[in-house]
Amino acid sequence: MHSEAFSSRRITQVLHEGFADATAGPSRRRTQSDLVDHWLRTLWEGAGGPASGGGAGAALAAIGSLGRQSLGPGSDLDLVLLLDPARVDAQEAQRLASALWYPIWDSGTSLDHAVRSPEECAVVAHQDLRAAISLLDLRVVAGDAALVEDTARMLRAQWRREARRRVGELVDLATDRGRHHGSLAHSTEPNLKSDRGGLRDITVIRALAESWLADHDHEAVDAAAHTLRDARDALQAVTGSSGTRLGRADQDAVAALTGHASADDHHAVLAEAARGVTWELHRAVRAAEAAIAPGGAATRGLGAERRPALTRLPHGVLVQSGEISVDPASQDPLRDMAAVRHAATTGMPLAAATLARMSEAPLIPLTPLQRDTLVDALAGEHFAEVYESLDIKGVFSRWVPNWAEIRNRPQRSAVHRFTVDRHQVETVLEAQRFLSRVGRPDLLLVAALLHDLGKRPDAHDHAAEGAPLAEAAAQHLGFDRSDAHRIGALVREHLTLIDLATGRDLADPSTVRELLAAVDEDLDVLEILRALTEADAIAAGPSAWSTWRADLVDHLTGLARSALSGTAPAPRSLLVPQRSVQEAVLSAVRRSESAQVLYPAHLDDEPISQVCVGAPDGEGVFAAMARTLVRLHLDVHSAVMVTMDGVAVNTWWIAAAPADLPHPSVLRSALDRELAHRDRPDARVLELPPAPPPRTTEDAPVVTLLPGASREATVVQVNARNRPSLLADLAETITLYRLHVRSAHVMTLGRRAVDVLYLTDQHGRALDPPSVGRIVAALMDAAAT
């Protein structure tokens with residue numbers, strides 16, 4: 001047992017030798033495994049194990065990393081003594097096991113061992129998912145090779161037979177691990193084995209492939225496995241332990257050992273590999289689930305085969321088999337962005353072919369409608385998953401200038417949990433909670449997306465250096481110069497509020513003055529900065545935000561808000577109506593004393609059309625116009641409503657090309673019918689499906705009084721989740737309370753609508769306090785309906 005030909009201590013030595021250059025990679029690991037195999041065969045011979053060849057009935061087999069021939073310095077030995085009970089009795093089995101295991105234990109090598117017959121292996125594999133996956137790597141080391149090969153074939157066949165039952169378990173295993181360990185790509189201290197995208201996920205991918213239900217990109221997964229194993233080997237060589245968490249203290253040494261210039265460069269390579277693994281796991285799971293679904297490859301022959309239903313959505317978006325794709329023949333400029341929006345709001349994945357098409361599309365600046373569709377996607381609860389799928393194909397870096405500079409870039413602050421790019425995505429997710437509290441939710445979401453764009457390797461002040469980058473990116477994303485400048489300012493000042501609140505005397509007037517200067521004395525920017533501050537901190541990590549910090553920030557924000565009281569700015573329209581068109585409609589209404597419709601000339605290629613509608617002003621006219629547009633299925637993008645000399649002249653921007661609009665006479669006739677029946681409650685009912693319930697309490701509508709915005713009217717702002725009937729419902733509520741809309745400014749920003757309404761009583765005066773309270777509550781109910 002302890003012959004001169006075998007020294008048990010050599011096993012430990014072999015496992016720790018040869019790792020001075022971790023870049024040797026797979027060839028080194030195979031060499032190490034071969035050496036361990038040699039010593040185990042020597043041990044087998046010394047223990048009196050039968051020679052290789054069929055019929056002996058006993059064999060030493062490897063599973064785990066030794067079975068895959070991917071040993072690392074801290075790897076365990078996972079061994080199975082495989083015995084045929086018909087040829088090896090219990091006494092001989094016990095003797096052989098003792099002769100094998102005790103020398104390995106004496107060497108100090110970690111050992112996971114089992115003594116089983118082929119039938120016992122099958123039972124264990126049937127009962128234990130992890131054991132079933134591990135046994136797929138069963139490989140002969142010494143003894144009866146035929147026994148091991150026959151057992152391995154039996155276990156693989158059993159795995160395929162049971163695959164339909166096991167897919168759900170595999171998905172749950174990977175999901176649960178991801179929930180407990182997080183993402184390897186975005187962690188500042190990743191676990192190379194257990195994090196999402198790590199070595200365990202590679203094992204799951206290969207197990208799915210072994211089931212024949214799904215395949216994967218073998219070249220990509222093999223390359224990722226080599227990268228992650230190189231890092232694991234270097235880490236274990238540096239620490240002298242079997243750990244797989246790459247802590248900050250070891251990152252420089254591990255980077256050097258793997259041939260990288262810096263820890264940041266190494267982390268970027270690891271993140272790229274982990275993202276590839278995550279994407280391949282996602283694809284494999286989707287393919288396996290589709291295969292076992294009714295009509296899938298694994299169920300064909302069990303019933304009549306049916307072709308998956310195809311659903312066509314606006315803008316050339318298609319949904320089939322639970323995936324989102326696009327119609328290649330569609331020329332709609334919103335096609336790709338609308339597909340992304342649908343994925344972000346529903347959680348359905350984008351098809352691989354669609355992602356490939358997006359990655360090859362020409363790179364051009366976004367139009368305003370494409371910008372708004374992207375903002376819709378940023379407001380979707382599944383935006384993070386969509387970002388990952390877009391980014392793994394290089395799409396996101398093509399859309400957002402300078403994104404590649406911060407992609408996969410780790411953060412050296414202990415406060416941060418995520419890489420720079422993923423932190424910005426997490427900040428967008430946190431900012432979604434504040435969409436109902438700010439007047440420009442689109443600016444909040446985009447500022448959250450871009451706020452750390454300046455965190456490049458050579459940055460000294462990432463906020464100041466990121467501001468011009470964010471401003472340029474915002475213009476590329478379709479914002480005008482004014483809004484892009486505000487986004488740049490928010491990026492430049494995104495740390496100002498928290499720094500002032502926690503580091504300055506809040507009783508000193510200069511503190512408030514500095515904050516007011518930072519927001520350019522703009523109340524809207526102040527509220528966005530307040531929301532961005534909290535979203536940024538919470539996205540960073542639990543230690544970056546606390547009740548104490550929140551109280552200080554709220555106190556300082558309140559002081560600044562009070563200093564700006566009475567200076568509420570006039571509502572700002574995203575689009576400006578043409579004065580000549582308004583006057584033409586006004587003149588036509590005066591001549592005819594009836595409703596008139598005019599379509600101004602369409603001056604560019606933007607798929608958005610202007611419609612100017614006029615009618616003698618009176619009770620219910622605004623509501624009738626809004627209902628008419630809903631009944632004709634016209635999607636309002638923005639609107640400005642004014643009263644000119646007793647005539648309601650309303651300009652609407654419709655998200656449709658001019659060719660898709662009904663003829664002006666059709667719109668005028670529909671409006672005449674609506675006006676004629678505006679006093680009949682039954683005729684005002686809109687036959688529409690109910691709006692989806694709010695996702696969270698933060699998603700509920702908010703109605704805000706804007707004191708000081710007008711001397712002649714009461715101004716309220718309604719910030720609510722958009723739906724086709726929202727404006728009509730608000731207008732109907734105003735009519736029921738017998739109030740007049742002096743003017744209105746309607747903006748659709750992402751999936752929210754921000755409508756500013758100038759209300760007066762029947763005598764044209766601002767509302768008294770009791771009336772204000774009633775209409776605010778009523779508008780809140782109407783927006784939530």
# chains A, B, ... in the order shown; residues from 1 in each chain; ligands from 1
>>> closest_atom_pairs(of="range 361-429 of chain A", to="range 175-197 of chain A", cutoff="6 Å", atoms="only C-alpha atoms", output="CSV")
residue,atom,partner,partner_atom,distance
A:Arg417,CA,A:Ser187,CA,5.7
A:Phe418,CA,A:His186,CA,4.7
A:Thr419,CA,A:His186,CA,4.9
>>> select_by_dssp(residues="range 606-753 of chain A", states="strand (DSSP E)", output="short mmCIF file (atom, residue, chain, number, x, y, z; two decimals) with all heavy atoms, in the first residue's frame")
data_model
loop_
_atom_site.label_atom_id
_atom_site.label_comp_id
_atom_site.auth_asym_id
_atom_site.auth_seq_id
_atom_site.Cartn_x
_atom_site.Cartn_y
_atom_site.Cartn_z
N SER A 609 -47.05 63.41 -36.78
CA SER A 609 -47.84 64.35 -37.57
C SER A 609 -48.52 65.35 -36.65
O SER A 609 -48.91 65.03 -35.53
CB SER A 609 -48.90 63.60 -38.38
OG SER A 609 -48.30 62.64 -39.22
N GLN A 610 -48.65 66.56 -37.16
CA GLN A 610 -49.32 67.63 -36.42
C GLN A 610 -50.76 67.75 -36.92
O GLN A 610 -51.01 67.73 -38.12
CB GLN A 610 -48.56 68.95 -36.62
CG GLN A 610 -49.10 70.09 -35.77
CD GLN A 610 -48.34 71.38 -35.98
OE1 GLN A 610 -48.86 72.46 -35.72
NE2 GLN A 610 -47.12 71.27 -36.46
N VAL A 611 -51.67 67.86 -35.99
CA VAL A 611 -53.09 68.03 -36.30
C VAL A 611 -53.60 69.20 -35.49
O VAL A 611 -53.44 69.23 -34.26
CB VAL A 611 -53.90 66.75 -35.96
CG1 VAL A 611 -55.39 66.99 -36.18
CG2 VAL A 611 -53.40 65.56 -36.76
N CYS A 612 -54.18 70.18 -36.15
CA CYS A 612 -54.73 71.35 -35.45
C CYS A 612 -56.25 71.29 -35.54
O CYS A 612 -56.82 71.20 -36.64
CB CYS A 612 -54.20 72.64 -36.08
SG CYS A 612 -54.50 74.10 -35.05
N VAL A 613 -56.91 71.30 -34.41
CA VAL A 613 -58.36 71.16 -34.33
C VAL A 613 -58.92 72.36 -33.59
O VAL A 613 -58.40 72.76 -32.53
CB VAL A 613 -58.75 69.86 -33.58
CG1 VAL A 613 -60.26 69.70 -33.55
CG2 VAL A 613 -58.10 68.65 -34.25
N GLY A 614 -59.98 72.95 -34.14
CA GLY A 614 -60.62 74.09 -33.49
C GLY A 614 -62.12 73.91 -33.42
O GLY A 614 -62.73 73.23 -34.25
N ALA A 615 -62.73 74.52 -32.39
CA ALA A 615 -64.18 74.49 -32.23
C ALA A 615 -64.57 75.62 -31.28
O ALA A 615 -63.74 76.05 -30.44
CB ALA A 615 -64.63 73.14 -31.67
N PRO A 616 -65.79 76.16 -31.41
CA PRO A 616 -66.24 77.16 -30.44
C PRO A 616 -66.09 76.62 -29.02
O PRO A 616 -66.52 75.50 -28.73
CB PRO A 616 -67.71 77.38 -30.80
CG PRO A 616 -67.79 77.00 -32.25
CD PRO A 616 -66.82 75.87 -32.42
N VAL A 636 -51.58 60.06 -29.06
CA VAL A 636 -51.14 61.44 -28.84
C VAL A 636 -49.73 61.43 -28.24
O VAL A 636 -49.49 60.83 -27.18
CB VAL A 636 -52.11 62.19 -27.91
CG1 VAL A 636 -51.58 63.59 -27.62
CG2 VAL A 636 -53.48 62.27 -28.55
N HIS A 637 -48.82 62.08 -28.90
CA HIS A 637 -47.44 62.19 -28.44
C HIS A 637 -47.26 63.43 -27.58
O HIS A 637 -46.57 63.43 -26.56
CB HIS A 637 -46.50 62.22 -29.65
CG HIS A 637 -45.07 62.46 -29.32
ND1 HIS A 637 -44.51 63.71 -29.26
CD2 HIS A 637 -44.07 61.59 -29.02
CE1 HIS A 637 -43.23 63.61 -28.94
NE2 HIS A 637 -42.95 62.33 -28.80
N SER A 638 -47.85 64.54 -28.00
CA SER A 638 -47.77 65.80 -27.26
C SER A 638 -48.92 66.68 -27.72
O SER A 638 -49.55 66.42 -28.76
CB SER A 638 -46.43 66.49 -27.54
OG SER A 638 -46.27 67.65 -26.75
N ALA A 639 -49.24 67.69 -26.95
CA ALA A 639 -50.36 68.56 -27.32
C ALA A 639 -50.25 69.89 -26.60
O ALA A 639 -49.69 69.98 -25.50
CB ALA A 639 -51.70 67.90 -26.99
N VAL A 640 -50.78 70.92 -27.24
CA VAL A 640 -50.91 72.24 -26.63
C VAL A 640 -52.33 72.72 -26.90
O VAL A 640 -52.76 72.80 -28.06
CB VAL A 640 -49.89 73.25 -27.21
CG1 VAL A 640 -50.14 74.65 -26.65
CG2 VAL A 640 -48.47 72.81 -26.87
N MET A 641 -53.07 73.02 -25.83
CA MET A 641 -54.44 73.50 -25.95
C MET A 641 -54.51 74.94 -25.47
O MET A 641 -54.04 75.25 -24.37
CB MET A 641 -55.40 72.64 -25.10
CG MET A 641 -55.54 71.21 -25.58
SD MET A 641 -54.16 70.18 -25.05
CE MET A 641 -54.81 68.57 -25.42
N VAL A 642 -55.11 75.81 -26.28
CA VAL A 642 -55.27 77.22 -25.89
C VAL A 642 -56.65 77.68 -26.31
O VAL A 642 -57.29 77.10 -27.19
CB VAL A 642 -54.19 78.11 -26.57
CG1 VAL A 642 -52.80 77.75 -26.09
CG2 VAL A 642 -54.27 78.01 -28.08
N THR A 643 -57.10 78.74 -25.64
CA THR A 643 -58.35 79.39 -26.02
C THR A 643 -58.02 80.75 -26.62
O THR A 643 -57.35 81.56 -25.99
CB THR A 643 -59.27 79.55 -24.79
OG1 THR A 643 -59.52 78.26 -24.23
CG2 THR A 643 -60.59 80.20 -25.19
N MET A 644 -58.49 80.95 -27.85
CA MET A 644 -58.19 82.19 -28.57
C MET A 644 -59.51 82.86 -28.96
O MET A 644 -60.24 82.34 -29.83
CB MET A 644 -57.35 81.90 -29.83
CG MET A 644 -56.05 81.15 -29.53
SD MET A 644 -55.18 80.57 -31.05
CE MET A 644 -54.70 82.15 -31.75
N VAL A 647 -62.47 80.61 -28.92
CA VAL A 647 -62.35 79.41 -29.74
C VAL A 647 -61.26 78.52 -29.15
O VAL A 647 -60.15 78.99 -28.86
CB VAL A 647 -62.01 79.77 -31.20
CG1 VAL A 647 -61.77 78.50 -32.02
CG2 VAL A 647 -63.13 80.59 -31.82
N ALA A 648 -61.59 77.25 -28.96
CA ALA A 648 -60.59 76.28 -28.50
C ALA A 648 -59.76 75.85 -29.70
O ALA A 648 -60.29 75.26 -30.65
CB ALA A 648 -61.27 75.07 -27.87
N VAL A 649 -58.48 76.18 -29.68
CA VAL A 649 -57.57 75.82 -30.77
C VAL A 649 -56.52 74.87 -30.18
O VAL A 649 -55.63 75.30 -29.44
CB VAL A 649 -56.90 77.07 -31.38
CG1 VAL A 649 -55.97 76.66 -32.51
CG2 VAL A 649 -57.96 78.05 -31.88
N ASN A 650 -56.67 73.62 -30.53
CA ASN A 650 -55.83 72.58 -29.93
C ASN A 650 -54.93 71.96 -30.98
O ASN A 650 -55.40 71.51 -32.03
CB ASN A 650 -56.70 71.50 -29.28
CG ASN A 650 -57.55 72.05 -28.16
OD1 ASN A 650 -57.34 73.17 -27.71
ND2 ASN A 650 -58.53 71.28 -27.72
N THR A 651 -53.64 71.92 -30.67
CA THR A 651 -52.66 71.33 -31.58
C THR A 651 -52.19 70.01 -30.99
O THR A 651 -51.72 69.96 -29.85
CB THR A 651 -51.46 72.27 -31.78
OG1 THR A 651 -51.95 73.54 -32.24
CG2 THR A 651 -50.51 71.71 -32.81
N TRP A 652 -52.33 68.97 -31.79
CA TRP A 652 -51.98 67.61 -31.33
C TRP A 652 -50.86 67.07 -32.22
O TRP A 652 -50.89 67.24 -33.44
CB TRP A 652 -53.18 66.67 -31.44
CG TRP A 652 -54.45 67.18 -30.83
CD1 TRP A 652 -55.32 68.07 -31.40
CD2 TRP A 652 -54.99 66.84 -29.56
NE1 TRP A 652 -56.36 68.31 -30.54
CE2 TRP A 652 -56.19 67.57 -29.40
CE3 TRP A 652 -54.58 66.01 -28.52
CZ2 TRP A 652 -56.98 67.48 -28.27
CZ3 TRP A 652 -55.37 65.91 -27.39
CH2 TRP A 652 -56.56 66.64 -27.26
N TRP A 653 -49.90 66.41 -31.59
CA TRP A 653 -48.86 65.70 -32.34
C TRP A 653 -49.13 64.22 -32.19
O TRP A 653 -49.15 63.68 -31.07
CB TRP A 653 -47.48 66.07 -31.83
CG TRP A 653 -47.04 67.43 -32.29
CD1 TRP A 653 -46.32 67.74 -33.41
CD2 TRP A 653 -47.31 68.68 -31.64
NE1 TRP A 653 -46.12 69.10 -33.49
CE2 TRP A 653 -46.72 69.70 -32.42
CE3 TRP A 653 -48.00 69.05 -30.49
CZ2 TRP A 653 -46.79 71.04 -32.09
CZ3 TRP A 653 -48.08 70.39 -30.14
CH2 TRP A 653 -47.47 71.38 -30.95
N ILE A 654 -49.40 63.58 -33.31
CA ILE A 654 -49.83 62.18 -33.33
C ILE A 654 -48.66 61.31 -33.79
O ILE A 654 -47.98 61.63 -34.77
CB ILE A 654 -51.03 61.99 -34.30
CG1 ILE A 654 -52.14 63.00 -33.97
CG2 ILE A 654 -51.53 60.56 -34.24
CD1 ILE A 654 -52.72 62.87 -32.59
N VAL A 702 -49.68 61.00 -9.68
CA VAL A 702 -49.45 62.09 -8.74
C VAL A 702 -50.00 63.37 -9.36
O VAL A 702 -49.67 63.70 -10.50
CB VAL A 702 -47.95 62.25 -8.41
CG1 VAL A 702 -47.71 63.50 -7.57
CG2 VAL A 702 -47.42 61.02 -7.70
N VAL A 703 -50.84 64.06 -8.62
CA VAL A 703 -51.38 65.35 -9.07
C VAL A 703 -50.81 66.43 -8.16
O VAL A 703 -50.97 66.37 -6.94
CB VAL A 703 -52.92 65.36 -9.03
CG1 VAL A 703 -53.46 66.72 -9.50
CG2 VAL A 703 -53.47 64.25 -9.91
N THR A 704 -50.12 67.40 -8.76
CA THR A 704 -49.41 68.42 -8.00
C THR A 704 -49.95 69.79 -8.34
O THR A 704 -50.12 70.13 -9.52
CB THR A 704 -47.91 68.37 -8.32
OG1 THR A 704 -47.42 67.03 -8.13
CG2 THR A 704 -47.12 69.32 -7.44
N LEU A 705 -50.19 70.59 -7.32
CA LEU A 705 -50.58 72.00 -7.52
C LEU A 705 -49.30 72.81 -7.75
O LEU A 705 -48.31 72.64 -7.04
CB LEU A 705 -51.33 72.50 -6.28
CG LEU A 705 -51.87 73.93 -6.35
CD1 LEU A 705 -52.98 74.04 -7.39
CD2 LEU A 705 -52.39 74.34 -4.97
N THR A 714 -55.71 78.33 -11.99
CA THR A 714 -55.11 77.35 -11.08
C THR A 714 -54.41 76.31 -11.93
O THR A 714 -55.01 75.71 -12.83
CB THR A 714 -56.18 76.69 -10.21
OG1 THR A 714 -56.81 77.70 -9.40
CG2 THR A 714 -55.57 75.62 -9.32
N VAL A 715 -53.14 76.09 -11.66
CA VAL A 715 -52.34 75.19 -12.50
C VAL A 715 -52.05 73.91 -11.72
O VAL A 715 -51.53 73.94 -10.61
CB VAL A 715 -51.02 75.87 -12.92
CG1 VAL A 715 -50.25 74.96 -13.88
CG2 VAL A 715 -51.29 77.22 -13.56
N VAL A 716 -52.41 72.78 -12.32
CA VAL A 716 -52.13 71.47 -11.73
C VAL A 716 -51.36 70.63 -12.74
O VAL A 716 -51.55 70.76 -13.95
CB VAL A 716 -53.41 70.73 -11.29
CG1 VAL A 716 -54.10 71.45 -10.17
CG2 VAL A 716 -54.35 70.52 -12.47
N GLN A 717 -50.48 69.80 -12.22
CA GLN A 717 -49.71 68.89 -13.06
C GLN A 717 -50.11 67.46 -12.73
O GLN A 717 -50.11 67.06 -11.56
CB GLN A 717 -48.22 69.07 -12.83
CG GLN A 717 -47.34 68.07 -13.61
CD GLN A 717 -45.87 68.30 -13.37
OE1 GLN A 717 -45.26 69.18 -13.97
NE2 GLN A 717 -45.28 67.51 -12.48
N VAL A 718 -50.48 66.70 -13.75
CA VAL A 718 -50.84 65.29 -13.58
C VAL A 718 -49.71 64.45 -14.16
O VAL A 718 -49.42 64.53 -15.35
CB VAL A 718 -52.17 64.97 -14.28
CG1 VAL A 718 -52.53 63.50 -14.06
CG2 VAL A 718 -53.29 65.88 -13.78
N ASN A 719 -49.08 63.67 -13.31
CA ASN A 719 -48.01 62.77 -13.72
C ASN A 719 -48.52 61.35 -13.51
O ASN A 719 -48.71 60.91 -12.38
CB ASN A 719 -46.76 63.02 -12.88
CG ASN A 719 -45.57 62.18 -13.32
OD1 ASN A 719 -45.72 61.03 -13.72
ND2 ASN A 719 -44.38 62.74 -13.22
N ALA A 720 -48.79 60.64 -14.62
CA ALA A 720 -49.44 59.34 -14.51
C ALA A 720 -48.93 58.39 -15.57
O ALA A 720 -48.38 58.82 -16.60
CB ALA A 720 -50.96 59.48 -14.64
N ARG A 721 -49.13 57.12 -15.33
CA ARG A 721 -48.80 56.11 -16.33
C ARG A 721 -49.69 56.32 -17.55
O ARG A 721 -50.91 56.43 -17.42
CB ARG A 721 -49.00 54.72 -15.75
CG ARG A 721 -48.43 53.61 -16.61
CD ARG A 721 -48.48 52.30 -15.86
NE ARG A 721 -47.78 51.26 -16.59
CZ ARG A 721 -47.62 50.02 -16.13
NH1 ARG A 721 -48.08 49.71 -14.93
NH2 ARG A 721 -46.98 49.12 -16.83
N HIS A 740 -63.34 74.97 -16.51
CA HIS A 740 -62.88 75.26 -17.86
C HIS A 740 -61.37 75.05 -17.93
O HIS A 740 -60.64 75.35 -16.98
CB HIS A 740 -63.22 76.71 -18.23
CG HIS A 740 -64.68 76.93 -18.46
ND1 HIS A 740 -65.20 77.25 -19.68
CD2 HIS A 740 -65.74 76.86 -17.61
CE1 HIS A 740 -66.51 77.39 -19.58
NE2 HIS A 740 -66.86 77.16 -18.33
N VAL A 741 -60.92 74.57 -19.10
CA VAL A 741 -59.50 74.44 -19.36
C VAL A 741 -59.07 75.65 -20.17
O VAL A 741 -59.41 75.78 -21.35
CB VAL A 741 -59.18 73.14 -20.14
CG1 VAL A 741 -57.68 73.05 -20.42
CG2 VAL A 741 -59.65 71.92 -19.37
N ARG A 742 -58.37 76.55 -19.50
CA ARG A 742 -57.92 77.76 -20.20
C ARG A 742 -56.82 77.42 -21.20
O ARG A 742 -56.77 77.95 -22.31
CB ARG A 742 -57.43 78.77 -19.18
CG ARG A 742 -56.93 80.06 -19.80
CD ARG A 742 -56.77 81.13 -18.77
NE ARG A 742 -56.39 82.39 -19.36
CZ ARG A 742 -56.51 83.56 -18.73
NH1 ARG A 742 -57.01 83.59 -17.51
NH2 ARG A 742 -56.13 84.67 -19.32
N SER A 743 -55.91 76.54 -20.78
CA SER A 743 -54.89 76.00 -21.68
C SER A 743 -54.35 74.72 -21.06
O SER A 743 -54.56 74.45 -19.87
CB SER A 743 -53.76 77.01 -21.93
OG SER A 743 -53.05 77.26 -20.73
N ALA A 744 -53.69 73.95 -21.88
CA ALA A 744 -53.12 72.69 -21.40
C ALA A 744 -51.87 72.38 -22.20
O ALA A 744 -51.77 72.72 -23.39
CB ALA A 744 -54.13 71.56 -21.53
N HIS A 745 -50.93 71.72 -21.54
CA HIS A 745 -49.68 71.31 -22.18
C HIS A 745 -49.48 69.83 -21.85
O HIS A 745 -49.29 69.48 -20.69
CB HIS A 745 -48.51 72.15 -21.67
CG HIS A 745 -48.67 73.62 -21.96
ND1 HIS A 745 -48.00 74.26 -22.97
CD2 HIS A 745 -49.45 74.56 -21.37
CE1 HIS A 745 -48.35 75.54 -22.99
NE2 HIS A 745 -49.23 75.74 -22.03
N VAL A 746 -49.54 69.01 -22.86
CA VAL A 746 -49.52 67.55 -22.69
C VAL A 746 -48.20 67.03 -23.24
O VAL A 746 -47.82 67.35 -24.37
CB VAL A 746 -50.71 66.90 -23.42
CG1 VAL A 746 -50.60 65.39 -23.35
CG2 VAL A 746 -52.02 67.40 -22.83
N MET A 747 -47.50 66.22 -22.44
CA MET A 747 -46.26 65.61 -22.89
C MET A 747 -46.28 64.13 -22.53
O MET A 747 -46.63 63.77 -21.40
CB MET A 747 -45.04 66.27 -22.23
CG MET A 747 -44.82 67.71 -22.62
SD MET A 747 -43.26 68.38 -21.97
CE MET A 747 -43.61 68.41 -20.21
N THR A 748 -45.91 63.28 -23.47
CA THR A 748 -45.71 61.87 -23.20
C THR A 748 -44.21 61.64 -23.11
O THR A 748 -43.49 61.85 -24.08
CB THR A 748 -46.32 61.00 -24.32
OG1 THR A 748 -47.71 61.30 -24.41
CG2 THR A 748 -46.13 59.53 -24.01
N LEU A 749 -43.77 61.24 -21.92
CA LEU A 749 -42.34 61.10 -21.64
C LEU A 749 -42.10 59.68 -21.15
O LEU A 749 -42.39 59.34 -20.02
CB LEU A 749 -41.89 62.11 -20.58
CG LEU A 749 -42.21 63.58 -20.92
CD1 LEU A 749 -42.02 64.44 -19.70
CD2 LEU A 749 -41.31 64.04 -22.05
N ARG A 752 -44.79 57.47 -19.18
CA ARG A 752 -45.60 58.35 -18.35
C ARG A 752 -46.04 59.56 -19.15
O ARG A 752 -45.38 59.99 -20.10
CB ARG A 752 -44.82 58.80 -17.11
CG ARG A 752 -44.41 57.66 -16.21
CD ARG A 752 -44.01 58.15 -14.84
NE ARG A 752 -45.15 58.59 -14.05
CZ ARG A 752 -45.93 57.76 -13.36
NH1 ARG A 752 -45.71 56.46 -13.38
NH2 ARG A 752 -46.93 58.22 -12.66
N ALA A 753 -47.19 60.08 -18.76
CA ALA A 753 -47.69 61.32 -19.33
C ALA A 753 -47.61 62.39 -18.26
O ALA A 753 -47.94 62.15 -17.09
CB ALA A 753 -49.14 61.15 -19.78
#
>>> residues_around(residues="Val395 in chain A", least_positions_apart="6", cutoff="10 Å", atoms="only C-alpha atoms", output="JSON, numbers by chain")
{"A": [355, 356, 357, 358, 359, 360, 361, 363, 387, 388, 389]}
>>> residues_around(residues="Ala338 in chain A", least_positions_apart="3", cutoff="9 Å", atoms="only C-alpha atoms", output="MDAnalysis selection string")
chainID A and resid 314:317 334:335 341:343 370 373:374 376:377
>>> residues_around(residues="Asp483 in chain A", least_positions_apart="2", cutoff="12 Å", atoms="only C-alpha atoms", output="NGL selection string")
:A and (368 or 440 or 442-444 or 446-447 or 470-481 or 485-490 or 524-525 or 572-574)
>>> residues_around(residues="range 114-122 of chain A", least_positions_apart="3", cutoff="12 Å", atoms="only C-alpha atoms", output="JSON, numbers by chain")
{"A": [57, 58, 59, 60, 61, 62, 63, 77, 78, 79, 80, 81, 82, 83, 84, 85, 86, 87, 88, 89, 90, 92, 93, 94, 95, 96, 97, 98, 100, 101, 111, 125, 126, 127, 128, 129, 131, 132, 133, 134, 135, 136, 138, 146, 147, 148, 149, 150, 151, 152, 153, 154, 155, 156, 157, 158, 159, 162]}
>>> decode(residues="range 663-673 of chain A", atoms="N, CA and C atoms", output="PDB file, in the first residue's frame")
ATOM      1  N   HIS A 663     -58.540  60.997 -43.191  1.00  0.00           N
ATOM      2  CA  HIS A 663     -58.735  62.253 -43.923  1.00  0.00           C
ATOM      3  C   HIS A 663     -59.291  63.301 -42.969  1.00  0.00           C
ATOM      4  N   PRO A 664     -58.898  64.581 -43.122  1.00  0.00           N
ATOM      5  CA  PRO A 664     -59.407  65.621 -42.211  1.00  0.00           C
ATOM      6  C   PRO A 664     -60.925  65.634 -42.100  1.00  0.00           C
ATOM      7  N   SER A 665     -61.633  65.322 -43.183  1.00  0.00           N
ATOM      8  CA  SER A 665     -63.095  65.320 -43.123  1.00  0.00           C
ATOM      9  C   SER A 665     -63.613  64.227 -42.193  1.00  0.00           C
ATOM     10  N   VAL A 666     -62.888  63.095 -42.129  1.00  0.00           N
ATOM     11  CA  VAL A 666     -63.289  62.017 -41.218  1.00  0.00           C
ATOM     12  C   VAL A 666     -63.132  62.464 -39.769  1.00  0.00           C
ATOM     13  N   LEU A 667     -62.014  63.100 -39.466  1.00  0.00           N
ATOM     14  CA  LEU A 667     -61.786  63.593 -38.116  1.00  0.00           C
ATOM     15  C   LEU A 667     -62.807  64.672 -37.756  1.00  0.00           C
ATOM     16  N   ARG A 668     -63.114  65.567 -38.709  1.00  0.00           N
ATOM     17  CA  ARG A 668     -64.077  66.634 -38.430  1.00  0.00           C
ATOM     18  C   ARG A 668     -65.476  66.060 -38.189  1.00  0.00           C
ATOM     19  N   SER A 669     -65.880  65.090 -38.986  1.00  0.00           N
ATOM     20  CA  SER A 669     -67.197  64.479 -38.800  1.00  0.00           C
ATOM     21  C   SER A 669     -67.291  63.767 -37.454  1.00  0.00           C
ATOM     22  N   ALA A 670     -66.201  63.054 -37.093  1.00  0.00           N
ATOM     23  CA  ALA A 670     -66.194  62.360 -35.802  1.00  0.00           C
ATOM     24  C   ALA A 670     -66.285  63.354 -34.653  1.00  0.00           C
ATOM     25  N   LEU A 671     -65.594  64.487 -34.791  1.00  0.00           N
ATOM     26  CA  LEU A 671     -65.647  65.498 -33.744  1.00  0.00           C
ATOM     27  C   LEU A 671     -67.037  66.137 -33.662  1.00  0.00           C
ATOM     28  N   ASP A 672     -67.666  66.376 -34.828  1.00  0.00           N
ATOM     29  CA  ASP A 672     -69.028  66.926 -34.815  1.00  0.00           C
ATOM     30  C   ASP A 672     -69.978  66.002 -34.068  1.00  0.00           C
ATOM     31  N   ARG A 673     -69.860  64.695 -34.303  1.00  0.00           N
ATOM     32  CA  ARG A 673     -70.729  63.750 -33.598  1.00  0.00           C
ATOM     33  C   ARG A 673     -70.457  63.779 -32.105  1.00  0.00           C
TER      34      ARG A 673
END
